[in-house]
Number of protein chains: 2
Amino acid sequence: MTTDTKPKQAASAGEGFTVGGMAKGSGMIHPNLATMLAVVTTDYPLEPGEAFDFLRPAVDESFNSISVDGDCSTNDAVVLLANGDAGVTRSPATDLAFSACLRKVCADLAEQIVADGEGVTVLAEIAVTGAADDRQAKAIAQRIATSALVKTALFGRDANWGRVLMAAGSAPYNGGYAELDIDRVTLSYNGSVVLERGAPLGVEPDVSGTTCAIELDLGLGSGAASYLTSDLSYDYVRINADYRT
Amino acid sequence: MTTDTKPKQAASAGEGFTVGGMAKGSGMIHPNLATMLAVVTTDYPLEPGEAFDFLRPAVDESFNSISVDGDCSTNDAVVLLANGDAGVTRSPATDLAFSACLRKVCADLAEQIVADGEGVTVLAEIAVTGAADDRQAKAIAQRIATSALVKTALFGRDANWGRVLMAAGSAPYNGGYAELDIDRVTLSYNGSVVLERGAPLGVEPDVSGTTCAIELDLGLGSGAASYLTSDLSYDYVRINADYRT
């Protein structure tokens with residue numbers, strides 16, 4: 001049984017060069033990196049060994065910031081192939097432009113992987129801002145993105161913000177837990193604020209769609225990170241429990 | 001809707017004293033500590049402030065070593081009340097005996113909580129031995145116990161040992177991942193060895209019951225830990241997604 005139901009492709013063109021990519025993967029998706037496979041190609045002229053320098057930051061904010069089931073695969077891979085055929089003369093400016101295209105393609109492929117994840121009915125972006133630092137923001141975004149209670153609430157189309165706060169407050173950070181000040185925390189679903197500096201507004205946001213944007217501002221500093229995740233559905237359980245029949 | 005379907009009680013008698021306990025909790029169970037509540041009583045004579053010294057190790061190996069859904073509650077509590085009515089004369093030997101009874105009661109209550117967990121159809125004990133140290137053993141046991149893929153395989157009654165190894169190899173440890181030597185790893189389900197020092201034996205163990213013992217020997221050192229967990233079922237998803245209707 002294949003659960004990878006759609007081809008996932010992306011492309012981005014710069015001045016005189018192009019970045020293209022394709023990816024596979026729908027379960028065991030919580031890369032760092034590992035069953036996921038992505039190949040990105042470009043005609044931008046890179047020297048041997050340079051691909052990693054460009055790929056690393058693009059992968060960190062894309063493939064390493066998605067989760068379907070919280071389980072790392074043992075063999076994820078992202079490959080960047082560059083043949084130099086674009087013939088552009090490189091400069092810091094073209095390098096920046098190439099880097100931007102590469103990040104766009106990686107982010108696009110990563111989103112397609114989550115959207116086609118096993119049993120997925122909702123694609124959710126968890127954006128954490130105002131954290132003490134970026135690392136704290138990513139730890140909290142990841143914890144929310146992998147919480148079974150957050151993910152079942154997404155499947156149930158309920159803006160259960162208590163579960164989001166539970167997950168945020170239990171994010172592992174520096175050997176303990178991320179420390180939050182609830183009186184500074186603001187949380188919104190799809191742009192509707194449900195909790196403002198710790199005060200519940202009694203708002204019931206519309207989360208009936210197939211995408212959901214959860215924004216959590218911790219009010220502590222300038223750290224930020226985001227994570228793409230999915231809901232946890234009956235179909236996820238069926239696919240991963242009933243696979244031998 | 002209450003999902004806590006059964007009273008959970010336990011008792012253990014020592015020479016001249018008794019330890020009793022009761023607990024509640026069925027979801028948001030991944031204590032450290034937090035929706036879970038347990039009260040343990042005894043007539044053993046404790047001085048003010050001493051209860052914590054006895055309770056801490058008992059809780060670490062019981063309530064802090066169970067998981068239903070990997071989500072910490074915000075308000076777990078274990079309370080130990082001692083009225084001293086037993087009238088025994090304390091000695092190091094009676095303290096040890098009391099400690100053993102307390103650990104038995106805590107372990108019993110913790111097991112009852114997992115067995116009555118939301119949507120649970122299988123109670124699984126993950127025992128890790130041969131780890132570099134106890135901390136590594138606990139990190140690996142916890143990672144296996146919280147893996148969605150391990151838990152859905154348990155629900156599907158499949159001894160999917162590849163998922164157990166995947167989880168073990170992705171256990172966070174010392175800021176990175178636990179390092180394993182696959183040629184030293186031995187894994188069994190319900191006493192049937194499926195992998196012996198890295199070699200798959202082609203054995204198909206019987207995991208059709210309502211309990212499952214997964215034993216993972218890493219062959220690295222003398223570290224050991226165990227974790228009680230449950231399967232991830234359709235009912236878990238229903239309970240946590242469809243709770244407003």
# chains A, B, ... in the order shown; residues from 1 in each chain; ligands from 1
>>> residues_around(residues="Leu80 in chain B", least_positions_apart="2", cutoff="10 Å", atoms="only C-alpha atoms", output="list in words")
Val19, Gly20, Gly21, Ala38, Val39, Val40, Thr41, Thr42, Ala51, Phe52, Phe54, Leu55, Ala77, Val78, Ala82 and Leu102 of chain B
>>> write_last_selection(atoms="C-alpha atoms", output="PDB file, in the first residue's frame")
ATOM      1  CA  VAL B  19       0.117   1.695  52.269  1.00  0.00           C
ATOM      2  CA  GLY B  20      -3.055   2.389  50.295  1.00  0.00           C
ATOM      3  CA  GLY B  21      -3.738   4.543  47.268  1.00  0.00           C
ATOM      4  CA  ALA B  38      -3.208  10.074  42.970  1.00  0.00           C
ATOM      5  CA  VAL B  39      -3.579   9.971  46.722  1.00  0.00           C
ATOM      6  CA  VAL B  40      -1.561   7.493  48.735  1.00  0.00           C
ATOM      7  CA  THR B  41      -2.196   6.968  52.425  1.00  0.00           C
ATOM      8  CA  THR B  42      -0.332   5.107  55.083  1.00  0.00           C
ATOM      9  CA  ALA B  51       7.006  12.128  52.603  1.00  0.00           C
ATOM     10  CA  PHE B  52       8.712  13.666  49.580  1.00  0.00           C
ATOM     11  CA  PHE B  54      10.070   8.465  50.017  1.00  0.00           C
ATOM     12  CA  LEU B  55       7.637   9.507  47.307  1.00  0.00           C
ATOM     13  CA  ALA B  77      -0.490  15.516  41.513  1.00  0.00           C
ATOM     14  CA  VAL B  78       0.514  12.654  43.724  1.00  0.00           C
ATOM     15  CA  ALA B  82       0.763   9.575  56.634  1.00  0.00           C
ATOM     16  CA  LEU B 102       5.014   2.550  48.551  1.00  0.00           C
TER      17      LEU B 102
END
>>> residues_around(residues="range 135-138 of chain A", least_positions_apart="6", cutoff="7 Å", atoms="only C-alpha atoms", output="count of residues only")
8
>>> interface_residues(of="chain B", to="chain A", cutoff="6 Å", atoms="only C-alpha atoms", output="MDAnalysis selection string")
chainID B and resid 152:153 155:156 234 237 240:242
>>> residues_around(residues="Arg103 in chain A", least_positions_apart="4", cutoff="10 Å", atoms="only C-alpha atoms", output="ChimeraX atom specification")
/A:12,19,54-62,97-99,107-109
